$ cat input35.cif   # mmCIF, C-alpha atoms (C1' of nucleotides)
data_entry
loop_
_atom_site.label_atom_id
_atom_site.label_comp_id
_atom_site.auth_asym_id
_atom_site.auth_seq_id
_atom_site.Cartn_x
_atom_site.Cartn_y
_atom_site.Cartn_z
CA MET J 369 -10.77 -24.09 -2.15
CA TYR J 370 -10.15 -20.50 -1.22
CA ALA J 371 -12.30 -17.98 0.57
CA LEU J 372 -11.87 -14.24 0.58
CA ILE J 373 -13.28 -12.50 3.63
CA ASP J 374 -13.64 -8.81 2.99
CA CYS J 375 -14.98 -6.23 5.45
CA ASN J 376 -17.79 -4.08 4.10
CA ASN J 377 -16.86 -0.39 3.87
CA PHE J 378 -14.24 -1.15 6.48
CA TYR J 379 -13.34 2.28 7.88
CA VAL J 380 -17.00 3.29 8.00
CA SER J 381 -17.87 0.03 9.75
CA CYS J 382 -15.13 0.67 12.36
CA GLU J 383 -16.66 4.05 13.15
CA ARG J 384 -20.12 2.53 13.40
CA ILE J 385 -19.01 0.01 16.06
CA PHE J 386 -19.00 2.86 18.56
CA ARG J 387 -21.69 4.93 16.88
CA SER J 388 -24.66 2.65 16.40
CA ASP J 389 -26.73 5.76 15.70
CA LEU J 390 -24.96 5.92 12.33
CA ILE J 391 -26.08 2.52 11.08
CA ASN J 392 -28.08 2.96 7.85
CA LYS J 393 -27.06 6.62 7.77
CA PRO J 394 -24.64 8.17 5.25
CA VAL J 395 -21.04 8.20 6.53
CA VAL J 396 -17.67 8.94 4.91
CA VAL J 397 -14.07 8.69 6.11
CA LEU J 398 -11.44 11.07 4.76
CA SER J 399 -7.79 10.66 3.81
CA ASN J 400 -5.00 12.38 5.73
CA ASN J 401 -5.33 16.15 5.71
CA ASP J 402 -9.10 15.64 5.30
CA GLY J 403 -8.57 15.83 1.54
CA CYS J 404 -10.23 12.90 -0.20
CA ILE J 405 -13.07 10.53 0.53
CA ILE J 406 -11.51 7.09 1.03
CA ALA J 407 -14.40 5.16 2.56
CA ARG J 408 -18.12 5.49 1.91
CA SER J 409 -21.14 3.85 3.45
CA ASN J 410 -23.59 2.24 1.02
CA GLU J 411 -25.89 5.25 1.39
CA VAL J 412 -23.09 7.51 0.12
CA LYS J 413 -22.15 5.14 -2.70
CA GLN J 414 -25.77 5.34 -3.84
CA LEU J 415 -25.45 9.11 -4.06
CA GLY J 416 -22.82 8.53 -6.74
CA VAL J 417 -19.83 9.73 -4.73
CA PRO J 418 -16.76 8.00 -6.19
CA MET J 419 -13.86 6.50 -4.24
CA GLY J 420 -10.99 8.94 -3.77
CA ALA J 421 -13.04 12.01 -4.67
CA PRO J 422 -11.87 15.33 -3.21
CA LEU J 423 -14.16 16.29 -0.33
CA PHE J 424 -14.66 19.88 -1.48
CA GLN J 425 -16.27 18.72 -4.71
CA TYR J 426 -18.93 16.75 -2.86
CA ARG J 427 -19.33 18.67 0.38
CA THR J 428 -22.61 20.29 -0.61
CA LEU J 429 -24.13 17.00 -1.69
CA LEU J 430 -22.98 15.24 1.50
CA GLU J 431 -24.34 18.01 3.70
CA LYS J 432 -27.65 17.89 1.90
CA TYR J 433 -28.05 14.29 2.98
CA HIS J 434 -26.75 14.94 6.53
CA THR J 435 -23.67 12.79 6.03
CA THR J 436 -21.41 12.23 9.03
CA ILE J 437 -17.81 12.96 8.11
CA PHE J 438 -14.81 11.42 9.88
CA SER J 439 -11.10 12.12 9.55
CA SER J 440 -9.18 8.87 9.34
CA ASN J 441 -8.39 7.13 12.61
CA TYR J 442 -5.75 4.59 11.59
CA GLN J 443 -4.97 3.49 15.12
CA LEU J 444 -8.56 2.40 15.55
CA TYR J 445 -8.81 0.70 12.15
CA ALA J 446 -5.52 -1.16 12.63
CA ASP J 447 -6.64 -2.45 16.02
CA ILE J 448 -10.06 -3.59 14.78
CA SER J 449 -8.36 -5.28 11.83
CA ARG J 450 -5.97 -7.10 14.17
CA ARG J 451 -8.93 -8.43 16.20
CA ILE J 452 -10.78 -9.65 13.10
CA MET J 453 -7.71 -11.41 11.72
CA MET J 454 -7.09 -13.16 15.04
CA LEU J 455 -10.67 -14.38 15.06
CA ILE J 456 -10.52 -15.70 11.48
CA LYS J 457 -7.27 -17.48 12.26
CA GLN J 458 -9.04 -19.53 14.92
CA TYR J 459 -11.33 -20.96 12.26
CA ALA J 460 -8.83 -21.25 9.42
CA PRO J 461 -5.18 -21.79 10.23
CA CYS J 462 -4.19 -21.53 6.53
CA MET J 463 -4.67 -17.82 6.20
CA GLU J 464 -3.15 -14.84 4.40
CA VAL J 465 -3.83 -11.34 5.68
CA TYR J 466 -4.04 -9.59 2.34
CA SER J 467 -4.80 -6.04 3.44
CA ILE J 468 -6.17 -4.16 6.41
CA ASP J 469 -9.69 -5.37 5.59
CA GLU J 470 -9.24 -8.60 3.62
CA ALA J 471 -8.00 -12.11 4.31
CA PHE J 472 -7.73 -15.22 2.16
CA ILE J 473 -8.15 -18.62 3.74
CA GLN J 474 -7.57 -22.02 2.18
CA PHE J 475 -9.18 -25.33 3.09
CA GLU J 476 -9.88 -28.81 1.78
CA SER J 477 -13.11 -29.45 -0.10
CA ARG J 478 -16.07 -29.82 2.20
CA THR J 479 -19.80 -30.15 1.83
CA ASP J 480 -20.96 -27.37 4.10
CA TYR J 481 -19.40 -24.23 2.58
CA PHE J 482 -22.47 -22.16 3.18
CA ALA J 483 -22.84 -23.13 6.83
CA PHE J 484 -19.13 -22.46 7.40
CA ALA J 485 -19.28 -19.03 5.76
CA SER J 486 -22.48 -18.06 7.56
CA HIS J 487 -20.99 -18.98 10.92
CA LEU J 488 -17.79 -17.01 10.29
CA LYS J 489 -19.74 -14.00 9.11
CA LYS J 490 -22.02 -14.13 12.11
CA ILE J 491 -19.26 -14.51 14.66
CA ILE J 492 -17.25 -11.58 13.25
CA LYS J 493 -20.33 -9.38 13.41
CA GLN J 494 -21.19 -10.53 16.90
CA TRP J 495 -17.74 -10.37 18.49
CA ILE J 496 -16.17 -7.43 16.66
CA GLY J 497 -19.14 -5.61 15.19
CA VAL J 498 -18.00 -5.45 11.57
CA PRO J 499 -20.08 -6.83 8.66
CA VAL J 500 -18.12 -8.90 6.12
CA SER J 501 -18.73 -10.50 2.74
CA ILE J 502 -17.38 -13.93 1.89
CA GLY J 503 -16.61 -15.38 -1.55
CA ILE J 504 -15.58 -19.01 -1.94
CA ALA J 505 -14.08 -20.47 -5.13
CA PRO J 506 -11.33 -22.80 -6.44
CA THR J 507 -8.67 -20.05 -6.85
CA LYS J 508 -7.78 -16.76 -5.19
CA THR J 509 -8.71 -14.76 -8.29
CA LEU J 510 -12.09 -16.47 -8.47
CA ALA J 511 -12.62 -16.03 -4.72
CA LYS J 512 -12.10 -12.30 -5.27
CA ALA J 513 -14.69 -12.37 -8.02
CA ALA J 514 -17.06 -14.41 -5.85
CA ASN J 515 -16.65 -11.80 -3.14
CA TYR J 516 -17.64 -9.09 -5.60
CA VAL J 517 -20.86 -10.98 -6.31
CA ALA J 518 -21.41 -11.64 -2.59
CA LYS J 519 -21.21 -7.89 -1.94
CA ASN J 520 -23.24 -6.68 -4.87
CA ASN J 521 -25.66 -9.38 -6.00
CA THR J 522 -26.67 -11.25 -2.85
CA SER J 523 -28.70 -10.37 0.19
CA ASN J 524 -26.71 -12.49 2.64
CA GLY J 525 -23.18 -11.44 1.63
CA ILE J 526 -22.03 -14.95 0.75
CA TYR J 527 -21.33 -16.45 -2.68
CA ILE J 528 -19.99 -19.91 -3.35
CA CYS J 529 -18.60 -20.95 -6.72
CA LEU J 530 -17.80 -24.61 -7.28
CA SER J 531 -15.57 -25.70 -10.17
CA LYS J 532 -18.52 -26.34 -12.46
CA GLN J 533 -20.07 -22.94 -11.82
CA ILE J 534 -17.23 -20.66 -12.92
CA SER J 535 -19.01 -19.37 -16.05
CA LEU J 536 -22.04 -18.51 -13.99
CA LEU J 537 -19.83 -16.52 -11.62
CA LEU J 538 -17.86 -14.68 -14.30
CA LYS J 539 -21.06 -13.64 -16.09
CA GLN J 540 -21.82 -11.50 -13.05
CA VAL J 541 -18.42 -9.79 -12.78
CA PRO J 542 -17.35 -6.97 -15.12
CA LEU J 543 -13.82 -7.32 -16.53
CA SER J 544 -12.80 -4.14 -14.75
CA GLU J 545 -13.53 -5.82 -11.41
CA ILE J 546 -11.26 -8.79 -12.03
CA TRP J 547 -8.29 -8.80 -9.65
CA GLY J 548 -5.21 -7.74 -11.61
CA VAL J 549 -7.03 -5.94 -14.42
CA GLY J 550 -6.42 -2.24 -14.02
CA ARG J 551 -7.40 0.69 -16.19
CA ASN J 552 -4.52 0.21 -18.61
CA MET J 553 -4.96 -3.48 -19.23
CA LEU J 554 -8.71 -2.97 -19.59
CA GLU J 555 -7.98 -0.74 -22.60
CA GLN J 556 -5.40 -3.13 -24.04
CA PHE J 557 -7.77 -6.07 -23.67
CA LYS J 558 -10.55 -4.07 -25.22
CA ARG J 559 -8.42 -3.40 -28.29
CA ALA J 560 -7.83 -7.15 -28.57
CA GLY J 561 -11.58 -7.82 -28.44
CA ILE J 562 -11.59 -8.95 -24.82
CA THR J 563 -14.39 -7.05 -23.15
CA THR J 564 -15.81 -9.43 -20.53
CA SER J 565 -14.42 -11.69 -17.83
CA LEU J 566 -15.62 -14.70 -19.80
CA ASN J 567 -13.82 -13.47 -22.94
CA LEU J 568 -10.59 -13.33 -20.97
CA GLN J 569 -11.15 -16.69 -19.31
CA GLN J 570 -11.67 -18.40 -22.66
CA ARG J 571 -8.44 -17.12 -24.20
CA CYS J 572 -5.47 -19.43 -24.64
CA SER J 573 -3.13 -18.77 -21.74
CA HIS J 574 0.01 -19.29 -23.87
CA GLN J 575 -1.04 -16.61 -26.30
CA ILE J 576 -1.87 -14.29 -23.44
CA GLN J 577 1.61 -14.95 -22.03
CA LYS J 578 3.26 -14.11 -25.36
CA LYS J 579 1.36 -10.89 -25.76
CA TYR J 580 1.01 -9.59 -22.19
CA GLY J 581 3.49 -11.51 -20.05
CA VAL J 582 3.45 -14.12 -17.35
CA VAL J 583 1.36 -12.09 -14.88
CA TYR J 584 -1.68 -12.25 -17.15
CA GLN J 585 -1.04 -15.85 -18.11
CA LYS J 586 -1.40 -16.76 -14.45
CA LEU J 587 -4.50 -14.62 -14.24
CA VAL J 588 -6.16 -16.51 -17.12
CA MET J 589 -5.23 -19.87 -15.58
CA GLU J 590 -6.73 -18.76 -12.28
CA LEU J 591 -9.93 -17.73 -14.06
CA LYS J 592 -10.07 -21.18 -15.63
CA GLY J 593 -10.06 -22.64 -12.12
CA GLN J 594 -6.44 -23.74 -11.88
CA SER J 595 -4.80 -22.33 -8.79
CA PHE J 596 -1.52 -20.51 -9.54
CA LEU J 597 -1.40 -18.01 -6.71
CA PRO J 598 -0.67 -19.65 -3.36
CA LEU J 599 -1.36 -18.17 0.04
CA GLU J 600 1.53 -15.95 1.02
CA ASN J 601 3.14 -15.35 4.37
CA ILE J 602 3.73 -11.90 5.68
CA GLN J 603 7.17 -10.86 4.47
CA PRO J 604 9.22 -8.04 5.92
CA LYS J 605 8.87 -4.91 3.80
CA GLN J 606 11.57 -4.25 1.22
CA LYS J 607 11.11 -0.53 1.55
CA ILE J 608 9.41 1.71 4.08
CA MET J 609 8.01 5.06 3.14
CA SER J 610 6.73 7.94 5.22
CA SER J 611 5.29 11.05 3.65
CA ARG J 612 2.56 13.61 4.20
CA SER J 613 0.82 16.53 2.59
CA PHE J 614 1.12 19.56 4.84
CA SER J 615 -1.76 21.50 6.28
CA TYR J 616 -0.32 24.64 4.62
CA GLU J 617 2.39 25.38 2.06
CA ILE J 618 5.81 25.47 3.70
CA ILE J 619 8.36 28.08 2.64
CA HIS J 620 11.24 27.81 5.13
CA PHE J 621 13.93 25.18 5.16
CA HIS J 622 13.79 24.65 8.92
CA GLU J 623 10.11 23.69 8.81
CA LEU J 624 10.67 21.29 5.97
CA ALA J 625 13.62 19.79 7.87
CA GLU J 626 11.42 19.35 10.92
CA ALA J 627 8.83 17.45 8.88
CA ILE J 628 11.53 15.28 7.32
CA ALA J 629 12.90 14.47 10.80
CA ASN J 630 9.44 13.25 11.80
CA PHE J 631 9.12 11.11 8.68
CA ILE J 632 12.51 9.55 9.48
CA SER J 633 11.33 8.87 13.03
CA THR J 634 8.19 7.08 11.76
CA ALA J 635 10.02 5.08 9.11
CA THR J 636 12.94 3.99 11.31
CA LYS J 637 10.55 2.91 14.03
CA LYS J 638 8.77 0.67 11.52
CA ALA J 639 12.10 -0.66 10.27
CA ARG J 640 13.22 -1.54 13.80
CA SER J 641 9.93 -3.25 14.54
CA GLN J 642 10.52 -5.65 11.63
CA LYS J 643 14.24 -5.93 12.58
CA SER J 644 15.40 -4.35 9.34
CA MET J 645 18.32 -2.12 8.48
CA ALA J 646 18.25 0.28 5.53
CA THR J 647 20.99 0.37 2.95
CA GLY J 648 19.58 3.46 1.27
CA LEU J 649 17.59 6.60 1.90
CA GLN J 650 15.46 8.67 -0.44
CA VAL J 651 14.12 12.15 0.27
CA PHE J 652 11.61 14.00 -1.88
CA VAL J 653 9.82 17.34 -1.83
CA ARG J 654 7.15 18.87 -4.04
CA THR J 655 5.03 21.97 -4.40
CA ASN J 656 1.24 21.88 -4.68
CA ARG J 657 0.54 20.27 -8.05
CA PHE J 658 -3.04 21.55 -8.00
CA ASN J 659 -2.03 25.16 -7.56
CA GLN J 660 -0.99 25.93 -11.12
CA LYS J 661 -0.65 29.62 -10.34
CA SER J 662 2.43 29.26 -8.15
CA PRO J 663 5.73 27.99 -9.60
CA GLN J 664 6.06 24.22 -9.56
CA TYR J 665 9.06 22.30 -8.32
CA ARG J 666 9.61 18.70 -7.36
CA ASN J 667 12.80 16.90 -6.65
CA PHE J 668 14.14 13.69 -5.29
CA ILE J 669 17.53 12.58 -4.02
CA GLU J 670 18.90 9.31 -2.78
CA MET J 671 21.96 7.95 -1.06
CA ASN J 672 23.23 4.45 -0.37
CA PHE J 673 25.19 3.53 2.73
CA ASP J 674 28.24 1.34 3.20
CA THR J 675 26.95 0.35 6.62
CA PRO J 676 23.21 -0.41 6.92
CA THR J 677 21.41 1.47 9.67
CA ASN J 678 18.04 2.01 11.34
CA ASP J 679 19.25 4.68 13.75
CA THR J 680 16.84 7.60 13.89
CA GLY J 681 19.39 10.24 14.89
CA HIS J 682 21.90 9.16 12.30
CA LEU J 683 19.33 9.06 9.52
CA ILE J 684 17.83 12.43 10.50
CA HIS J 685 21.31 13.89 10.09
CA ILE J 686 21.78 12.33 6.65
CA ALA J 687 18.26 13.26 5.53
CA LYS J 688 18.87 16.87 6.45
CA GLN J 689 22.05 16.94 4.36
CA LEU J 690 20.14 15.47 1.41
CA LEU J 691 17.29 17.92 1.88
CA LYS J 692 19.77 20.81 1.69
CA GLN J 693 20.75 19.64 -1.76
CA ILE J 694 17.25 19.65 -3.20
CA TYR J 695 15.69 22.54 -1.27
CA ARG J 696 15.22 25.67 -3.39
CA GLU J 697 14.23 28.98 -1.92
CA GLY J 698 11.16 30.71 -3.29
CA TYR J 699 8.89 27.69 -3.62
CA ARG J 700 5.89 26.75 -1.55
CA TYR J 701 6.19 23.10 -0.53
CA LYS J 702 3.02 21.08 -0.03
CA LYS J 703 4.33 17.57 0.36
CA ALA J 704 7.51 15.78 1.33
CA GLY J 705 8.60 12.33 2.37
CA VAL J 706 11.33 9.78 2.89
CA SER J 707 11.88 6.14 1.95
CA LEU J 708 14.15 3.65 3.60
CA THR J 709 15.27 1.33 0.80
CA GLY J 710 17.17 -1.90 0.37
CA LEU J 711 16.00 -3.18 3.73
CA ILE J 712 17.82 -6.23 5.03
CA HIS J 713 17.44 -8.23 8.21
CA GLU J 714 19.64 -7.14 11.10
CA SER J 715 21.32 -10.54 11.19
CA ALA J 716 22.31 -10.31 7.51
CA VAL J 717 24.27 -7.09 7.92
CA GLN J 718 27.81 -7.24 6.59
CA HIS J 719 30.01 -5.28 8.91
CA GLN J 720 32.76 -3.05 7.67
CA LEU J 721 36.37 -4.08 8.02
CA LEU J 722 37.14 -0.59 9.28
CA PRO J 723 35.57 0.53 12.57
CA CYS J 724 31.78 0.61 12.54
CA ILE J 725 30.29 4.09 12.54
CA MET J 726 27.52 2.99 14.88
CA PRO J 727 28.90 2.31 18.36
CA ALA J 728 27.05 -0.09 20.65
CA PRO J 729 25.57 2.54 23.02
CA ARG J 730 23.46 3.83 20.11
CA LYS J 731 21.70 0.51 19.92
CA ARG J 732 20.82 0.68 23.60
CA LEU J 733 19.59 4.24 23.10
CA ARG J 734 17.31 3.14 20.25
CA GLN J 735 15.85 0.33 22.32
CA LEU J 736 15.30 2.67 25.22
CA LEU J 737 13.46 5.19 23.02
CA ASP J 738 11.26 2.49 21.52
CA ASN J 739 10.46 1.05 24.93
CA ILE J 740 9.49 4.40 26.42
CA ASN J 741 7.32 5.29 23.43
CA GLN J 742 5.73 1.88 23.50
CA LYS J 743 4.75 2.27 27.13
CA GLN J 744 4.04 5.99 27.35
CA GLY J 745 2.51 6.54 23.94
CA ARG J 746 3.76 7.67 20.56
CA ASN J 747 6.31 10.51 20.69
CA ALA J 748 6.53 10.53 24.50
CA VAL J 749 10.22 11.16 23.78
CA TYR J 750 11.52 12.42 20.45
CA PHE J 751 14.45 14.15 18.81
CA ALA J 752 14.69 17.91 19.19
CA SER J 753 14.93 18.25 15.41
CA GLN J 754 11.38 16.88 15.15
CA GLY J 755 10.17 20.18 16.63
CA ASN J 756 7.63 20.93 19.34
CA HIS J 757 4.75 22.52 17.49
CA ARG J 758 4.49 20.65 14.19
CA THR J 759 1.96 23.09 12.83
CA TRP J 760 2.49 21.60 9.36
CA MET J 761 0.89 18.33 10.51
CA PRO J 762 -2.02 17.33 8.30
CA ASN J 763 -5.49 18.43 9.41
CA CYS J 764 -7.73 15.83 10.99
CA ASN J 765 -10.51 17.92 12.38
CA CYS J 766 -13.12 15.20 12.68
CA ARG J 767 -11.20 12.26 14.10
CA SER J 768 -13.15 9.96 16.38
CA PRO J 769 -11.63 8.81 19.70
CA ARG J 770 -9.06 6.01 19.52
CA TYR J 771 -11.44 3.92 21.63
CA THR J 772 -9.36 0.76 21.81
CA THR J 773 -5.75 1.97 21.93
CA GLN J 774 -5.66 5.06 24.19
CA TRP J 775 -6.62 4.93 27.86
CA ASN J 776 -7.87 8.50 27.90
CA GLU J 777 -10.09 7.96 24.86
CA LEU J 778 -11.95 4.87 26.07
CA TYR J 779 -15.59 4.59 25.18
CA LEU J 780 -17.63 6.25 27.92
CA VAL J 781 -20.62 4.15 28.95
CA ASP J 782 -21.90 6.27 31.80
CA ALA J 783 -20.45 9.53 33.08
CA THR J 784 -22.63 9.82 36.16
CA TYR J 785 -20.05 8.43 38.56
"C1'" DT X 1 -9.94 27.70 -0.55
"C1'" DC X 2 -9.95 22.58 -0.41
"C1'" DT X 3 -7.13 17.22 -4.04
"C1'" DG X 4 -3.91 10.52 0.52
"C1'" DG X 5 -0.35 7.30 1.59
"C1'" DG X 6 1.33 3.51 1.25
"C1'" DG X 7 3.12 -1.07 -1.22
"C1'" DT X 8 4.46 -5.27 -4.87
"C1'" DC X 9 6.00 -7.68 -9.09
"C1'" DC X 10 7.68 -8.05 -13.86
"C1'" DT X 11 10.29 -6.77 -17.97
"C1'" DA X 12 13.52 -4.70 -21.02
"C1'" DG X 13 17.82 -3.07 -21.69
"C1'" DG X 14 22.46 -1.86 -20.43
"C1'" DA X 15 26.82 -2.98 -18.15
"C1'" DC X 16 29.73 -6.31 -17.27
"C1'" DC X 17 31.69 -11.17 -16.91
"C1'" DC X 18 34.13 -15.39 -19.07
"C1'" DT P 1394 34.77 -6.62 -45.38
"C1'" DC P 1395 34.97 -9.82 -41.72
"C1'" DT P 1396 33.41 -9.35 -35.55
"C1'" DG P 1397 30.65 -15.69 -30.60
"C1'" DG P 1398 27.85 -17.36 -27.33
"C1'" DG P 1399 26.71 -17.70 -23.46
"C1'" DG P 1400 25.72 -15.80 -18.56
"C1'" DT P 1401 24.40 -12.36 -14.23
"C1'" DC P 1402 23.18 -8.19 -11.99
"C1'" DC P 1403 21.16 -3.78 -11.69
"C1'" DT P 1404 17.93 -0.15 -12.75
"C1'" DA P 1405 14.09 2.37 -14.61
"C1'" DG P 1406 9.66 2.24 -15.79
"C1'" DG P 1407 5.19 0.31 -16.15
"C1'" DA P 1408 1.63 -2.34 -14.51
"C1'" DC P 1409 -1.07 -3.59 -10.53
"C1'" DC P 1410 -3.04 -3.66 -5.42
"C1'" DC P 1411 -5.29 -1.66 -0.95
#

$ encode --input "input35.cif" --output "structure tokens"
Amino acid sequence: MYALIDCNNFYVSCERIFRSDLINKPVVVLSNNDGCIIARSNEVKQLGVPMGAPLFQYRTLLEKYHTTIFSSNYQLYADISRRIMMLIKQYAPCMEVYSIDEAFIQFESRTDYFAFASHLKKIIKQWIGVPVSIGIAPTKTLAKAANYVAKNNTSNGIYICLSKQISLLLKQVPLSEIWGVGRNMLEQFKRAGITTSLNLQQRCSHQIQKKYGVVYQKLVMELKGQSFLPLENIQPKQKIMSSRSFSYEIIHFHELAEAIANFISTATKKARSQKSMATGLQVFVRTNRFNQKSPQYRNFIEMNFDTPTNDTGHLIHIAKQLLKQIYREGYRYKKAGVSLTGLIHESAVQHQLLPCIMPAPRKRLRQLLDNINQKQGRNAVYFASQGNHRTWMPNCNCRSPRYTTQWNELYLVDATY
DNA sequence: TCTGGGGTCCTAGGACCC
DNA sequence: TCTGGGGTCCTAGGACCC
């Protein structure tokens, strides 16, 4: 059997840990640059505010209901997530961390599913402060569906589906909510007369495979109760991306280059932390696609290396050369980013026959930089090309304190002393 | 005025091999 | 006019996820 443990309105719940005054009050969390609404409390969902909606379209409505608005605080959310996952792991060693707010666990059949789920739910609320929903079923896809019912159709946030009860479960889950059915497939299925989860479950999996491919064959088998998707281990990323929308539209090359240098710094740091080297680099820029009045331009360039690297300085240099090739004067750039591609493990690097371009001292330098930044805080030391002011950095005007990861932002219990 | 930032997998088709 | 029968690897694009 599988269980899916999913945090309720995760980012909002993280904010509420330290703001108990906001429980049962409308709360939203915004994307980078304070652009879109990416997490909503139940009160806000009930107002009809959709996921991913631009803030400016709903600001009046939110203000009318005295909604508390937060910029995103990823350091906080990542730390809370880490604590929850560690706690779950104590109860269920066979575990897959599926996303920042979801984990699958697998266990042998037992008789006390409900007691087990209730205990887990209670302990996570008590120790961490985050409410979760738990769905239990014979396959991962069905556990996802059970979690949907747990969240929406139950009062205790737990739903258990045994093998014989699959039809009863699927009757409560719209096809659009089935894991793996996106907007496109929903349309395609609809044209084939498949409009409900049960319709899809009852189709012959071979015919589904012929028409839609092996992905959807597995999906149908999973809906029938036959497990095809195993728990997966955390794999090193195959590519690492870093990009941002700017707080204003950038015109000058040097500002764009400064932003790109920062993206390289972020991406290479991630690559080093998973002991990966990049064999390729992509750089892209684009103007504001929503501002149809100003001329539009977007471009992308990539380069592959003979010698894999994760050296920040080296990659900043290359990225700047690439940026020169796609930068055009006269445009107003709103977004840019980089991707490290073809990542391979350090130990798998094939060295060149001819002298390596990356002498050993660079490796020591990289380690030193990472160590200092680890101890002293992000960007305690950085490359000059990353700039000092970074005025282009996305807005985050309503970010809460990073209560659990920054000494100077600790939760203040009493300020009298 | 204001519109996020990441990822994965699969398939079809072309280039190339013997 | 006639023109084999296998393979592999790579890439672009399309689908999905949070």

$ resolve_selection --input "input35.cif" --expression "the PyMOL selection byres ((chain X) within 10 of (chain J))" --output "MDAnalysis selection string"
chainID X and resid 1:11

$ atom_distance --input "input35.cif" --atom1 "atom CA of Cys375 of chain J" --atom2 "atom CA of Arg427 of chain J"
25.8 Å

$ atom_distance --input "input35.cif" --atom1 "atom CA of Ile602 of chain J" --atom2 "atom CA of Arg640 of chain J"
16.2 Å

$ resolve_selection --input "input35.cif" --expression "the PyMOL selection byres ((chain J and resi 520) around 12)" --output "list in words"
Asn376, Asn410, Ser501, Ile502, Gly503, Ala513, Ala514, Asn515, Tyr516, Val517, Ala518, Lys519, Asn521, Thr522, Ser523, Asn524, Gly525, Ile526, Tyr527, Gln540, Val541, Pro542 and Glu545 of chain J

$ resolve_selection --input "input35.cif" --expression "the PyMOL selection byres ((chain J and resi 585) around 10)" --output "PyMOL selection string"
chain J and resi 571-584+586-591+596

$ closest_residue --input "input35.cif" --among "J:Ile632, J:Leu691, J:Ile385, J:Met454" --to "Arg654 of chain J" --atoms "only C-alpha atoms"
J:Leu691

$ atom_distance --input "input35.cif" --atom1 "atom CA of Thr507 of chain J" --atom2 "atom CA of Cys382 of chain J"
29.0 Å

$ residues_near_point --input "input35.cif" --point "(25.5, 4.8, 2.6)" --cutoff "7 Å" --atoms "all atoms listed in the file" --output "ChimeraX atom specification"
/J:647-648,671-675

$ closest_residue --input "input35.cif" --among "J:Leu733, J:Val549, J:Leu429, J:Ile456" --to "DA1408 of chain P" --atoms "all atoms listed in the file"
J:Val549

$ closest_residue --input "input35.cif" --among "J:Ala407, J:Leu455, J:Met553, J:Ala627" --to "DG1407 of chain P" --atoms "only C-alpha atoms (C1' of nucleotides)"
J:Met553

$ closest_residue --input "input35.cif" --among "J:Trp547, J:Asp447, J:Asn739, J:Asn377" --to "Met419 of chain J" --atoms "all atoms listed in the file"
J:Asn377

$ residues_around --input "input35.cif" --residues "Leu444 of chain J" --least-positions-apart "6" --cutoff "8 Å" --atoms "all atoms listed in the file" --output "number ranges by chain"
J: 382, 770-773
